[in-house]
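Novice: Sharing model_34.cif here; it has mmCIF, C-alpha atoms and all ligand atoms.
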data_run
loop_
_atom_site.label_atom_id
_atom_site.label_comp_id
_atom_site.auth_asym_id
_atom_site.auth_seq_id
_atom_site.Cartn_x
_atom_site.Cartn_y
_atom_site.Cartn_z
CA MET A 1 0.00 0.00 0.00
CA ASN A 2 1.39 3.37 -1.01
CA LYS A 3 1.17 6.29 1.33
CA ILE A 4 -0.62 9.21 -0.28
CA PRO A 5 0.35 12.65 1.02
CA PRO A 6 -1.98 15.65 0.88
CA VAL A 7 0.51 17.39 -1.43
CA ASP A 8 3.74 16.30 -3.10
CA LEU A 9 5.83 19.26 -4.23
CA THR A 10 8.69 17.14 -5.56
CA ARG A 11 6.61 16.34 -8.63
CA GLN A 12 6.63 20.01 -9.65
CA TYR A 13 10.32 20.28 -8.95
CA GLU A 14 11.06 17.32 -11.24
CA ILE A 15 9.56 19.29 -14.15
CA ILE A 16 11.55 22.51 -13.61
CA LYS A 17 14.65 20.86 -12.18
CA GLU A 18 17.20 21.48 -14.89
CA GLU A 19 16.36 25.07 -15.76
CA ALA A 20 15.70 26.04 -12.13
CA ASN A 21 18.97 24.56 -10.86
CA LEU A 22 20.92 26.52 -13.46
CA ALA A 23 19.06 29.76 -12.83
CA VAL A 24 19.48 29.55 -9.06
CA LEU A 25 23.19 28.90 -9.52
CA GLU A 26 23.41 31.98 -11.74
CA ILE A 27 21.87 34.08 -8.97
CA LEU A 28 24.27 32.62 -6.41
CA LYS A 29 27.22 33.45 -8.67
CA SER A 30 25.95 36.95 -9.50
CA GLY A 31 26.06 38.24 -5.94
CA ARG A 32 22.81 40.10 -6.61
CA TYR A 33 20.45 38.52 -4.09
CA ILE A 34 17.86 41.24 -3.46
CA GLY A 35 15.83 42.95 -6.17
CA GLY A 36 17.44 43.31 -9.58
CA GLU A 37 16.45 41.88 -12.92
CA ALA A 38 15.09 38.58 -11.63
CA VAL A 39 12.48 40.34 -9.51
CA ALA A 40 11.57 42.89 -12.20
CA THR A 41 11.13 40.11 -14.78
CA PHE A 42 8.86 38.12 -12.50
CA GLU A 43 6.71 41.15 -11.67
CA GLN A 44 6.25 41.93 -15.34
CA GLN A 45 5.41 38.37 -16.33
CA PHE A 46 3.02 37.91 -13.43
CA ALA A 47 1.22 41.18 -14.29
CA ASN A 48 0.87 39.93 -17.89
CA TYR A 49 -0.41 36.56 -16.74
CA ILE A 50 -3.06 38.03 -14.44
CA GLY A 51 -3.93 40.71 -16.99
CA VAL A 52 -3.18 43.87 -15.01
CA ALA A 53 -0.96 46.92 -15.43
CA GLU A 54 1.01 46.52 -12.21
CA CYS A 55 2.45 43.77 -10.03
CA VAL A 56 4.23 44.62 -6.79
CA SER A 57 6.09 41.67 -5.32
CA CYS A 58 6.47 41.23 -1.58
CA ASN A 59 7.39 38.73 1.10
CA SER A 60 4.11 36.85 1.56
CA GLY A 61 0.40 36.76 0.94
CA THR A 62 -0.08 38.19 4.40
CA ASP A 63 2.09 41.21 3.56
CA ALA A 64 0.26 41.62 0.24
CA LEU A 65 -3.06 41.98 2.10
CA PHE A 66 -1.52 44.27 4.71
CA LEU A 67 0.04 46.54 2.09
CA ALA A 68 -3.21 46.72 0.14
CA LEU A 69 -5.19 47.82 3.21
CA LYS A 70 -2.52 50.36 4.17
CA ALA A 71 -2.24 51.79 0.65
CA LEU A 72 -6.02 52.27 0.59
CA ASN A 73 -5.81 54.13 3.92
CA ILE A 74 -7.96 51.68 5.80
CA GLY A 75 -7.46 51.90 9.55
CA VAL A 76 -8.95 52.84 12.90
CA GLY A 77 -12.73 53.27 12.84
CA ASP A 78 -13.17 51.39 9.55
CA GLU A 79 -14.95 48.11 8.95
CA VAL A 80 -13.89 45.49 6.41
CA ILE A 81 -16.26 42.66 5.47
CA THR A 82 -14.75 39.24 4.82
CA SER A 83 -15.32 35.52 5.15
CA PRO A 84 -14.96 33.66 8.45
CA PHE A 85 -13.86 30.58 6.47
CA THR A 86 -10.30 31.35 5.40
CA PHE A 87 -6.76 31.26 6.67
CA PHE A 88 -6.37 33.54 9.70
CA ALA A 89 -4.13 36.04 7.85
CA THR A 90 -7.10 37.48 5.92
CA ALA A 91 -8.67 38.82 9.11
CA GLU A 92 -5.44 39.33 11.02
CA VAL A 93 -4.28 42.10 8.67
CA ILE A 94 -7.61 43.94 9.04
CA THR A 95 -7.06 44.02 12.80
CA ARG A 96 -3.39 44.88 12.36
CA VAL A 97 -4.16 48.09 10.45
CA GLY A 98 -6.59 49.05 13.23
CA ALA A 99 -9.83 48.30 11.41
CA LYS A 100 -12.56 45.85 12.43
CA PRO A 101 -13.22 42.59 10.56
CA ILE A 102 -16.91 41.91 9.94
CA PHE A 103 -17.71 38.26 9.27
CA VAL A 104 -20.70 37.02 7.31
CA ASP A 105 -21.81 33.43 6.80
CA ILE A 106 -20.79 31.25 3.87
CA ASP A 107 -22.48 29.18 1.19
CA LEU A 108 -21.88 25.47 1.69
CA ASN A 109 -21.80 24.80 -2.07
CA THR A 110 -18.85 27.08 -2.76
CA PHE A 111 -17.38 27.61 0.75
CA ASN A 112 -17.22 31.31 -0.17
CA PHE A 113 -19.06 34.08 1.65
CA ASN A 114 -22.76 34.67 1.06
CA LEU A 115 -23.18 37.79 -1.06
CA ALA A 116 -26.67 38.63 0.22
CA GLN A 117 -25.20 38.73 3.73
CA VAL A 118 -22.26 40.82 2.54
CA GLU A 119 -24.65 43.48 1.32
CA GLN A 120 -26.65 43.38 4.58
CA ALA A 121 -23.47 43.84 6.61
CA ILE A 122 -22.54 47.14 4.97
CA THR A 123 -22.66 50.15 7.33
CA SER A 124 -21.50 53.75 7.15
CA LYS A 125 -18.15 52.55 8.54
CA THR A 126 -17.54 49.92 5.85
CA LYS A 127 -14.55 50.82 3.65
CA ALA A 128 -13.70 47.59 1.89
CA ILE A 129 -14.68 44.00 1.19
CA ILE A 130 -12.15 41.17 1.03
CA PRO A 131 -13.52 38.26 -1.00
CA VAL A 132 -11.50 35.07 -0.51
CA HIS A 133 -11.44 32.72 -3.50
CA LEU A 134 -11.25 29.75 -1.17
CA PHE A 135 -9.79 26.42 -2.28
CA GLY A 136 -9.33 27.90 -5.79
CA GLN A 137 -13.05 28.55 -6.35
CA PRO A 138 -13.74 32.13 -7.44
CA VAL A 139 -16.32 34.31 -5.72
CA ASP A 140 -19.07 35.62 -8.03
CA MET A 141 -17.19 38.81 -8.86
CA SER A 142 -19.89 40.26 -11.13
CA LYS A 143 -22.32 40.42 -8.23
CA LEU A 144 -19.70 41.47 -5.72
CA MET A 145 -18.36 44.35 -7.84
CA ALA A 146 -21.92 45.60 -8.38
CA ILE A 147 -22.51 45.63 -4.61
CA ALA A 148 -19.17 47.37 -3.99
CA LYS A 149 -19.80 49.96 -6.67
CA SER A 150 -23.24 50.90 -5.41
CA HIS A 151 -21.82 51.46 -1.90
CA ASN A 152 -18.53 53.00 -3.06
CA LEU A 153 -16.33 50.34 -1.41
CA TYR A 154 -12.91 48.95 -2.24
CA VAL A 155 -12.58 45.30 -3.16
CA ILE A 156 -9.33 43.57 -2.18
CA GLU A 157 -9.29 40.06 -3.59
CA ASP A 158 -7.58 37.40 -1.47
CA CYS A 159 -6.28 35.23 -4.32
CA ALA A 160 -3.83 33.25 -2.16
CA GLN A 161 -5.45 29.92 -3.07
CA ALA A 162 -6.55 30.83 -6.56
CA THR A 163 -3.66 31.84 -8.82
CA GLY A 164 -4.95 31.27 -12.35
CA ALA A 165 -8.63 30.98 -11.40
CA ALA A 166 -11.06 33.10 -13.40
CA TRP A 167 -14.49 34.63 -13.07
CA ASP A 168 -16.29 35.22 -16.36
CA GLN A 169 -12.99 34.80 -18.29
CA ASN A 170 -11.13 37.36 -16.18
CA LYS A 171 -8.40 36.13 -13.88
CA VAL A 172 -8.98 36.70 -10.20
CA GLY A 173 -6.75 39.50 -9.02
CA SER A 174 -7.67 41.60 -12.07
CA ILE A 175 -11.30 42.28 -11.13
CA GLY A 176 -11.23 44.03 -7.74
CA HIS A 177 -9.22 47.18 -7.00
CA VAL A 178 -6.32 45.08 -5.74
CA GLY A 179 -5.48 41.36 -5.90
CA CYS A 180 -3.33 39.68 -3.24
CA PHE A 181 -1.36 36.52 -3.94
CA SER A 182 0.68 34.10 -1.86
CA PHE A 183 3.50 31.99 -3.25
CA PHE A 184 3.74 29.78 -0.17
CA PRO A 185 4.95 26.41 -1.51
CA THR A 186 1.56 24.63 -1.39
CA LYS A 187 -0.32 27.35 -3.27
CA ASN A 188 -1.09 26.89 -6.97
CA LEU A 189 1.99 28.92 -7.89
CA GLY A 190 4.38 28.08 -5.08
CA ALA A 191 7.93 29.26 -4.46
CA CYS A 192 10.61 27.21 -2.70
CA GLY A 193 10.11 29.47 0.30
CA ASP A 194 7.95 32.51 0.98
CA GLY A 195 6.70 35.07 -1.48
CA GLY A 196 3.72 37.21 -2.36
CA ALA A 197 2.45 39.75 -4.85
CA ILE A 198 -0.14 42.45 -5.28
CA THR A 199 -1.80 43.14 -8.62
CA THR A 200 -3.71 46.24 -9.66
CA ASN A 201 -4.56 48.46 -12.61
CA ASP A 202 -4.30 51.56 -10.42
CA LYS A 203 -0.82 53.05 -10.82
CA ALA A 204 -1.20 55.35 -7.83
CA ILE A 205 -2.09 52.46 -5.50
CA ALA A 206 0.82 50.41 -6.90
CA LYS A 207 3.21 53.30 -6.29
CA GLN A 208 1.99 53.70 -2.71
CA MET A 209 2.41 49.97 -2.06
CA ARG A 210 5.98 50.11 -3.39
CA ILE A 211 6.75 52.93 -0.98
CA LEU A 212 5.12 51.16 1.98
CA LYS A 213 6.95 47.87 1.37
CA GLU A 214 10.26 49.76 1.54
CA HIS A 215 9.89 51.34 4.98
CA GLY A 216 7.61 54.10 3.69
CA SER A 217 10.51 55.43 1.69
CA PRO A 218 9.94 57.03 -1.75
CA THR A 219 13.65 57.76 -2.18
CA ARG A 220 16.61 56.45 -0.30
CA TYR A 221 16.82 57.56 3.36
CA ARG A 222 13.73 59.74 3.14
CA HIS A 223 10.71 58.27 5.00
CA ASP A 224 7.22 59.66 4.49
CA PHE A 225 5.27 56.83 6.17
CA ILE A 226 5.72 54.03 8.66
CA GLY A 227 5.98 51.04 6.35
CA ILE A 228 7.40 47.55 6.50
CA ASN A 229 10.24 45.60 4.94
CA SER A 230 8.73 43.17 2.48
CA ARG A 231 10.52 41.75 -0.54
CA ILE A 232 10.81 38.57 -2.49
CA ASP A 233 14.25 36.96 -2.85
CA ALA A 234 15.84 36.98 -6.30
CA ILE A 235 16.14 33.19 -6.00
CA GLN A 236 12.40 32.83 -5.40
CA ALA A 237 11.67 35.22 -8.26
CA VAL A 238 13.55 33.09 -10.82
CA ILE A 239 11.94 29.91 -9.55
CA LEU A 240 8.49 31.52 -9.80
CA THR A 241 9.27 32.79 -13.31
CA PHE A 242 9.98 29.19 -14.43
CA LYS A 243 7.01 27.79 -12.57
CA LEU A 244 4.65 30.41 -14.05
CA ARG A 245 5.22 28.83 -17.48
CA HIS A 246 3.81 25.56 -16.20
CA LEU A 247 1.00 26.99 -14.08
CA ASP A 248 -1.82 26.54 -16.60
CA PHE A 249 -0.78 22.94 -17.19
CA TRP A 250 -0.63 22.26 -13.45
CA ASN A 251 -4.00 23.91 -12.89
CA GLU A 252 -5.45 21.75 -15.68
CA GLN A 253 -4.08 18.69 -13.91
CA ARG A 254 -5.84 19.82 -10.73
CA GLN A 255 -9.07 20.32 -12.70
CA GLN A 256 -8.78 16.83 -14.17
CA ALA A 257 -8.10 15.37 -10.73
CA ALA A 258 -11.18 17.14 -9.34
CA LYS A 259 -13.26 15.72 -12.17
CA TYR A 260 -11.98 12.23 -11.48
CA TYR A 261 -12.78 12.46 -7.75
CA GLN A 262 -16.27 13.56 -8.77
CA GLU A 263 -16.58 10.46 -10.94
CA LEU A 264 -15.21 8.14 -8.27
CA LEU A 265 -17.29 9.52 -5.40
CA GLN A 266 -20.55 10.78 -6.87
CA SER A 267 -22.42 7.57 -6.01
CA VAL A 268 -21.58 7.88 -2.31
CA ASN A 269 -24.70 9.44 -0.80
CA SER A 270 -23.22 10.28 2.57
CA LEU A 271 -20.65 12.66 1.05
CA LYS A 272 -21.26 16.17 -0.20
CA LEU A 273 -18.87 16.85 -3.07
CA PRO A 274 -17.62 20.33 -4.01
CA GLN A 275 -19.43 21.94 -6.93
CA ALA A 276 -17.97 24.05 -9.68
CA ILE A 277 -20.13 27.13 -10.09
CA GLU A 278 -21.23 28.54 -13.42
CA GLY A 279 -19.11 31.49 -14.54
CA GLY A 280 -16.16 30.40 -12.42
CA ASP A 281 -13.03 28.47 -13.38
CA SER A 282 -11.78 26.90 -10.17
CA VAL A 283 -8.13 25.91 -9.89
CA TRP A 284 -8.78 23.43 -7.06
CA ASN A 285 -6.12 24.34 -4.54
CA GLN A 286 -8.10 21.92 -2.39
CA TYR A 287 -10.70 19.26 -3.12
CA THR A 288 -12.91 19.56 -0.09
CA ILE A 289 -15.83 17.30 0.70
CA CYS A 290 -18.35 17.47 3.56
CA ILE A 291 -19.13 14.50 5.76
CA ALA A 292 -22.42 15.20 7.49
CA GLU A 293 -22.61 14.58 11.20
CA ARG A 294 -24.86 11.65 12.16
CA GLN A 295 -27.96 12.34 14.21
CA LYS A 296 -26.69 12.80 17.74
CA ALA A 297 -28.33 11.85 21.02
CA GLU A 298 -29.97 14.87 22.67
CA SER A 299 -27.33 14.83 25.40
CA ASP A 300 -24.60 14.96 22.80
CA ARG A 301 -25.88 17.96 20.86
CA GLY A 302 -23.38 20.71 20.71
CA ASN A 303 -20.56 18.35 21.53
CA TYR A 304 -18.50 18.43 18.41
CA SER A 305 -15.12 17.74 19.89
CA PHE A 306 -14.70 14.58 17.80
CA THR A 307 -16.88 14.52 14.72
CA LEU A 308 -17.61 11.79 12.21
CA ARG A 309 -15.28 13.72 9.92
CA ASP A 310 -12.47 13.42 12.47
CA GLN A 311 -13.10 9.70 12.81
CA ILE A 312 -12.94 9.18 9.05
CA ARG A 313 -9.82 11.28 8.80
CA LYS A 314 -8.15 9.03 11.36
CA GLN A 315 -9.27 5.84 9.62
CA LEU A 316 -8.04 7.18 6.28
CA GLN A 317 -4.66 7.86 7.86
CA ASP A 318 -4.50 4.22 8.98
CA LYS A 319 -5.06 3.26 5.35
CA GLY A 320 -2.17 5.48 4.19
CA VAL A 321 -4.26 8.42 2.97
CA VAL A 322 -3.43 11.75 4.56
CA SER A 323 -6.30 14.23 4.43
CA LEU A 324 -6.47 17.70 6.00
CA VAL A 325 -9.02 19.92 7.68
CA TYR A 326 -9.25 23.47 6.34
CA TYR A 327 -10.48 25.01 8.69
CA PRO A 328 -11.50 23.51 12.05
CA ILE A 329 -12.30 26.84 13.79
CA PRO A 330 -14.16 29.60 11.93
CA LEU A 331 -12.55 32.99 12.43
CA HIS A 332 -15.48 34.57 14.32
CA LEU A 333 -14.99 31.93 17.03
CA GLN A 334 -11.20 32.26 17.33
CA PRO A 335 -10.10 32.95 20.91
CA VAL A 336 -8.33 36.16 19.85
CA TYR A 337 -11.58 37.51 18.38
CA GLN A 338 -13.73 37.04 21.49
CA ASN A 339 -13.69 40.82 21.84
CA LEU A 340 -15.64 41.13 18.58
CA GLY A 341 -18.67 39.67 20.37
CA TYR A 342 -19.70 36.85 18.04
CA GLN A 343 -21.61 33.96 19.62
CA GLU A 344 -21.50 30.29 18.73
CA GLY A 345 -24.49 29.58 16.50
CA GLN A 346 -24.45 33.05 15.00
CA LEU A 347 -22.98 31.95 11.65
CA PRO A 348 -24.40 28.40 11.49
CA ILE A 349 -23.28 27.39 7.98
CA VAL A 350 -19.60 28.11 8.52
CA GLU A 351 -19.77 26.39 11.91
CA GLN A 352 -21.25 23.33 10.20
CA ALA A 353 -18.53 23.47 7.54
CA ALA A 354 -15.85 23.58 10.22
CA ARG A 355 -17.20 20.30 11.63
CA GLU A 356 -17.74 18.55 8.30
CA VAL A 357 -15.03 19.53 5.80
CA LEU A 358 -12.25 17.21 4.73
CA SER A 359 -9.72 18.01 2.02
CA LEU A 360 -8.54 15.03 -0.02
CA PRO A 361 -5.07 14.76 -1.57
CA ILE A 362 -4.89 16.86 -4.75
CA PHE A 363 -1.80 18.25 -6.47
CA PRO A 364 -0.30 18.41 -9.96
CA GLY A 365 0.96 14.97 -10.87
CA ILE A 366 -1.35 12.94 -8.62
CA SER A 367 -2.06 9.74 -10.53
CA GLU A 368 -5.42 8.14 -11.24
CA ALA A 369 -4.26 5.08 -9.30
CA GLU A 370 -3.57 7.27 -6.27
CA GLN A 371 -6.97 8.92 -6.54
CA GLU A 372 -8.60 5.49 -6.81
CA GLN A 373 -6.79 4.42 -3.65
CA VAL A 374 -8.13 7.52 -1.87
CA ALA A 375 -11.69 6.84 -3.08
CA TYR A 376 -11.62 3.15 -2.13
CA ALA A 377 -10.16 3.93 1.29
CA LEU A 378 -12.87 6.53 1.87
CA LYS A 379 -15.64 4.13 0.83
CA ASP A 380 -14.13 1.47 3.11
CA CYS A 381 -14.16 3.84 6.07
CA LEU A 382 -17.80 4.71 5.49
CA LEU A 383 -18.71 0.99 5.27
CA GLU A 384 -16.85 0.19 8.48
CA ILE A 385 -18.68 2.96 10.28
CA GLU A 386 -22.03 1.77 9.00
CA GLU A 387 -21.31 -1.79 10.13
CA ASN A 388 -20.29 -0.62 13.59
CA ASN A 389 -23.50 1.33 13.84
CA VAL A 390 -26.01 -1.50 13.30
C1 LIG A 401 -1.92 31.26 2.43
C2 LIG A 401 -2.99 32.26 2.61
C3 LIG A 401 -2.72 33.57 3.03
C4 LIG A 401 -1.38 34.02 3.51
O1 LIG A 401 -0.35 33.81 2.64
P1 LIG A 401 1.18 33.69 3.23
O2 LIG A 401 2.01 33.75 2.00
O3 LIG A 401 1.27 32.39 3.93
O4 LIG A 401 1.39 34.84 4.12
C5 LIG A 401 -3.78 34.47 3.06
N1 LIG A 401 -5.02 34.10 2.72
C6 LIG A 401 -5.31 32.85 2.34
C7 LIG A 401 -6.71 32.51 1.96
C8 LIG A 401 -4.32 31.87 2.28
O5 LIG A 401 -4.62 30.63 1.93
#
Could I get this structure in the form of structure tokens?
Ligand SMILES: *Cc1c(COP(=O)(O)O)cnc(C)c1O
Specialist:
Amino acid sequence: MNKIPPVDLTRQYEIIKEEANLAVLEILKSGRYIGGEAVATFEQQFANYIGVAECVSCNSGTDALFLALKALNIGVGDEVITSPFTFFATAEVITRVGAKPIFVDIDLNTFNFNLAQVEQAITSKTKAIIPVHLFGQPVDMSKLMAIAKSHNLYVIEDCAQATGAAWDQNKVGSIGHVGCFSFFPTKNLGACGDGGAITTNDKAIAKQMRILKEHGSPTRYRHDFIGINSRIDAIQAVILTFKLRHLDFWNEQRQQAAKYYQELLQSVNSLKLPQAIEGGDSVWNQYTICIAERQKAESDRGNYSFTLRDQIRKQLQDKGVVSLVYYPIPLHLQPVYQNLGYQEGQLPIVEQAAREVLSLPIFPGISEAEQEQVAYALKDCLLEIEENNV
């Protein structure tokens, strides 16, 4: 029995190995490790790929979001609406600039935030909306941009899990005012270390972000703002430039893998499979299913410390299949956000998702045989549970 990991990055490396090894050696020999041509080339090619005028590279997806908020002057007294079902960084940066994150519930079909609730959450303090294209699935950007426009709000797209995804033929990151990308190794376009980028068509915003990422400094040793130090290494920039050439192929492989899981698992009634939505081209950073909780005894209600999902995850692990839970605690219930005053039960769909989601292994280069092993193992687990229940 082979062990199947949730991601295997060595398969991408195999494809770029020769050219990447040479290019990294060139950088090492050049002595030019920060900035320079490698970074400029990547920024230009990434802007072209996304279809925007400007790309500003930075150290991480987290910094990209932070710089976007700062450049748009969002801070104390402002509210920013986002999803409670995302990596913590999305909300963390809102708090870090002094603004208040406002969470709305999600849609269980897409795992993205519910647009009707986004509109209801808008107040006179709202300055921006951060849609998160979670697991590679784009938010309905036509509807969202219409809402934002009618209320005069900025849209900062969190594209960390969706490099290459599109809404209505336009790449995410080119639709809102600013797009924020992460090149963390497991993302669709992943560096061999940290990296991030911000995309925009607004030259003034891009200029401001460039100043802020260099200590608020427009020219050397003159500081107009309190900024940060955020840059991508030249080595990461060359690796990303090579990987960008393969990104569409790798995203197609993810799409094929998602289709094959759908085929293998669609007959299993107890699973809810992820759905591709019309108008959106998902790039499947994750393939996330829901395993509904069984009816619980009255005394057990509300006790979700070990869910059916957790049990299946453990059994899968015993069969050599490593699955992951993104995300077990919705952001409105995070200990650090107790001060925001959300109650358990307030956003019921995301709380249900947190108990039921399970992400199956998916990555470029995963074989059909591996996917079959995952599907059979999963079906086995469900059978075992049924037998133990009678
Ligand atoms: C990964 C991720 C981030 C943060 O990116 P880093 O490069 O790790 O800082 C932000 N938002 C989402 C949705 C992510 O998945």
Novice: All residues within 10 Å of ligand LIG 401 (chain A) are required, counting only C-alpha atoms and all ligand atoms; please report them as a PyMOL selection string.
Specialist: chain A and resi 58-66+83+85-93+131-136+157-162+180-187+190-191+193-197+285+326
Novice: When you look at region 221-238 of chain A with a cut-off of 9 Å (counting all atoms listed in the file), what residues show up, excluding the ones that are within fewer than 6 positions of it in the same chain? I need them as a PDB file with C-alpha atoms, in the frame of the given file.
Specialist:
ATOM      1  CA  ALA A  20      15.700  26.040 -12.130  1.00  0.00           C
ATOM      2  CA  ALA A  23      19.060  29.760 -12.830  1.00  0.00           C
ATOM      3  CA  VAL A  24      19.480  29.550  -9.060  1.00  0.00           C
ATOM      4  CA  LEU A  25      23.190  28.900  -9.520  1.00  0.00           C
ATOM      5  CA  ILE A  27      21.870  34.080  -8.970  1.00  0.00           C
ATOM      6  CA  LEU A  28      24.270  32.620  -6.410  1.00  0.00           C
ATOM      7  CA  ARG A  32      22.810  40.100  -6.610  1.00  0.00           C
ATOM      8  CA  TYR A  33      20.450  38.520  -4.090  1.00  0.00           C
ATOM      9  CA  ILE A  34      17.860  41.240  -3.460  1.00  0.00           C
ATOM     10  CA  GLY A  35      15.830  42.950  -6.170  1.00  0.00           C
ATOM     11  CA  GLY A  36      17.440  43.310  -9.580  1.00  0.00           C
ATOM     12  CA  GLU A  37      16.450  41.880 -12.920  1.00  0.00           C
ATOM     13  CA  ALA A  38      15.090  38.580 -11.630  1.00  0.00           C
ATOM     14  CA  VAL A  39      12.480  40.340  -9.510  1.00  0.00           C
ATOM     15  CA  ALA A  40      11.570  42.890 -12.200  1.00  0.00           C
ATOM     16  CA  THR A  41      11.130  40.110 -14.780  1.00  0.00           C
ATOM     17  CA  PHE A  42       8.860  38.120 -12.500  1.00  0.00           C
ATOM     18  CA  GLU A  43       6.710  41.150 -11.670  1.00  0.00           C
ATOM     19  CA  SER A  57       6.090  41.670  -5.320  1.00  0.00           C
ATOM     20  CA  CYS A  58       6.470  41.230  -1.580  1.00  0.00           C
ATOM     21  CA  ASN A  59       7.390  38.730   1.100  1.00  0.00           C
ATOM     22  CA  SER A  60       4.110  36.850   1.560  1.00  0.00           C
ATOM     23  CA  ASP A  63       2.090  41.210   3.560  1.00  0.00           C
ATOM     24  CA  ALA A  64       0.260  41.620   0.240  1.00  0.00           C
ATOM     25  CA  LEU A  67       0.040  46.540   2.090  1.00  0.00           C
ATOM     26  CA  LYS A  70      -2.520  50.360   4.170  1.00  0.00           C
ATOM     27  CA  ALA A 191       7.930  29.260  -4.460  1.00  0.00           C
ATOM     28  CA  CYS A 192      10.610  27.210  -2.700  1.00  0.00           C
ATOM     29  CA  GLY A 193      10.110  29.470   0.300  1.00  0.00           C
ATOM     30  CA  ASP A 194       7.950  32.510   0.980  1.00  0.00           C
ATOM     31  CA  GLY A 195       6.700  35.070  -1.480  1.00  0.00           C
ATOM     32  CA  GLY A 196       3.720  37.210  -2.360  1.00  0.00           C
ATOM     33  CA  ALA A 197       2.450  39.750  -4.850  1.00  0.00           C
ATOM     34  CA  ILE A 211       6.750  52.930  -0.980  1.00  0.00           C
ATOM     35  CA  LEU A 212       5.120  51.160   1.980  1.00  0.00           C
ATOM     36  CA  LYS A 213       6.950  47.870   1.370  1.00  0.00           C
ATOM     37  CA  GLU A 214      10.260  49.760   1.540  1.00  0.00           C
ATOM     38  CA  HIS A 215       9.890  51.340   4.980  1.00  0.00           C
TER      39      HIS A 215
END
Novice: My list of candidates is A:Asn251, A:Gln346, A:Asn170, A:Gln44. Which is closest to Ile198 (chain A) when distances are computed with only C-alpha atoms?
Specialist: A:Gln44
Novice: I'd like the neighbourhood of Glu351 (chain A) as a VMD selection string, where a residue qualifies if any of its atoms comes within 12 Å (using only C-alpha atoms), though same-chain residues fewer than 3 positions away should be ignored.
Specialist: chain A and resid 84 to 85 104 to 108 111 302 304 327 to 334 343 to 348 354 to 357
Novice: With C-alpha atoms retained, export the selected residues as an mmCIF file, in the coordinates of the input.
Specialist:
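Contents of result-v4.cif, freshly written:
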data_model
loop_
_atom_site.group_PDB
_atom_site.id
_atom_site.type_symbol
_atom_site.label_atom_id
_atom_site.label_comp_id
_atom_site.auth_asym_id
_atom_site.auth_seq_id
_atom_site.Cartn_x
_atom_site.Cartn_y
_atom_site.Cartn_z
ATOM 1 C CA PRO A 84 -14.960 33.660 8.450
ATOM 2 C CA PHE A 85 -13.860 30.580 6.470
ATOM 3 C CA VAL A 104 -20.700 37.020 7.310
ATOM 4 C CA ASP A 105 -21.810 33.430 6.800
ATOM 5 C CA ILE A 106 -20.790 31.250 3.870
ATOM 6 C CA ASP A 107 -22.480 29.180 1.190
ATOM 7 C CA LEU A 108 -21.880 25.470 1.690
ATOM 8 C CA PHE A 111 -17.380 27.610 0.750
ATOM 9 C CA GLY A 302 -23.380 20.710 20.710
ATOM 10 C CA TYR A 304 -18.500 18.430 18.410
ATOM 11 C CA TYR A 327 -10.480 25.010 8.690
ATOM 12 C CA PRO A 328 -11.500 23.510 12.050
ATOM 13 C CA ILE A 329 -12.300 26.840 13.790
ATOM 14 C CA PRO A 330 -14.160 29.600 11.930
ATOM 15 C CA LEU A 331 -12.550 32.990 12.430
ATOM 16 C CA HIS A 332 -15.480 34.570 14.320
ATOM 17 C CA LEU A 333 -14.990 31.930 17.030
ATOM 18 C CA GLN A 334 -11.200 32.260 17.330
ATOM 19 C CA GLN A 343 -21.610 33.960 19.620
ATOM 20 C CA GLU A 344 -21.500 30.290 18.730
ATOM 21 C CA GLY A 345 -24.490 29.580 16.500
ATOM 22 C CA GLN A 346 -24.450 33.050 15.000
ATOM 23 C CA LEU A 347 -22.980 31.950 11.650
ATOM 24 C CA PRO A 348 -24.400 28.400 11.490
ATOM 25 C CA ALA A 354 -15.850 23.580 10.220
ATOM 26 C CA ARG A 355 -17.200 20.300 11.630
ATOM 27 C CA GLU A 356 -17.740 18.550 8.300
ATOM 28 C CA VAL A 357 -15.030 19.530 5.800
#
Novice: Which residue out of A:Ser305, A:Gln45, A:Ser270, A:Asn114 has the minimum interatomic distance to Cys290 (chain A) when all atoms listed in the file are used?
Specialist: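 Selected residue with least distance to Cys290 (chain A): A:Ser270.
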Novice: For Arg254 (chain A), which of A:Thr82, A:Gln315, A:Thr199, A:Asn188 is the closest residue, counting only C-alpha atoms?
Specialist: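 Checking each candidate against Arg254 (chain A), we get A:Asn188 as the closest.
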Novice: Do a neighbour search on Glu278 (chain A) at 10 Å with only C-alpha atoms, toss out local chain neighbours closer than 2 positions, and write the hits as a VMD selection string.
Specialist: chain A and resid 140 167 to 168 275 to 276 280 to 281
Novice: Can you spit out the residues from that selection as a short mmCIF file (atom, residue, chain, number, x, y, z; two decimals), in the coordinates of the input, using C-alpha atoms?
Specialist:
data_model
loop_
_atom_site.label_atom_id
_atom_site.label_comp_id
_atom_site.auth_asym_id
_atom_site.auth_seq_id
_atom_site.Cartn_x
_atom_site.Cartn_y
_atom_site.Cartn_z
CA ASP A 140 -19.07 35.62 -8.03
CA TRP A 167 -14.49 34.63 -13.07
CA ASP A 168 -16.29 35.22 -16.36
CA GLN A 275 -19.43 21.94 -6.93
CA ALA A 276 -17.97 24.05 -9.68
CA GLY A 280 -16.16 30.40 -12.42
CA ASP A 281 -13.03 28.47 -13.38
#
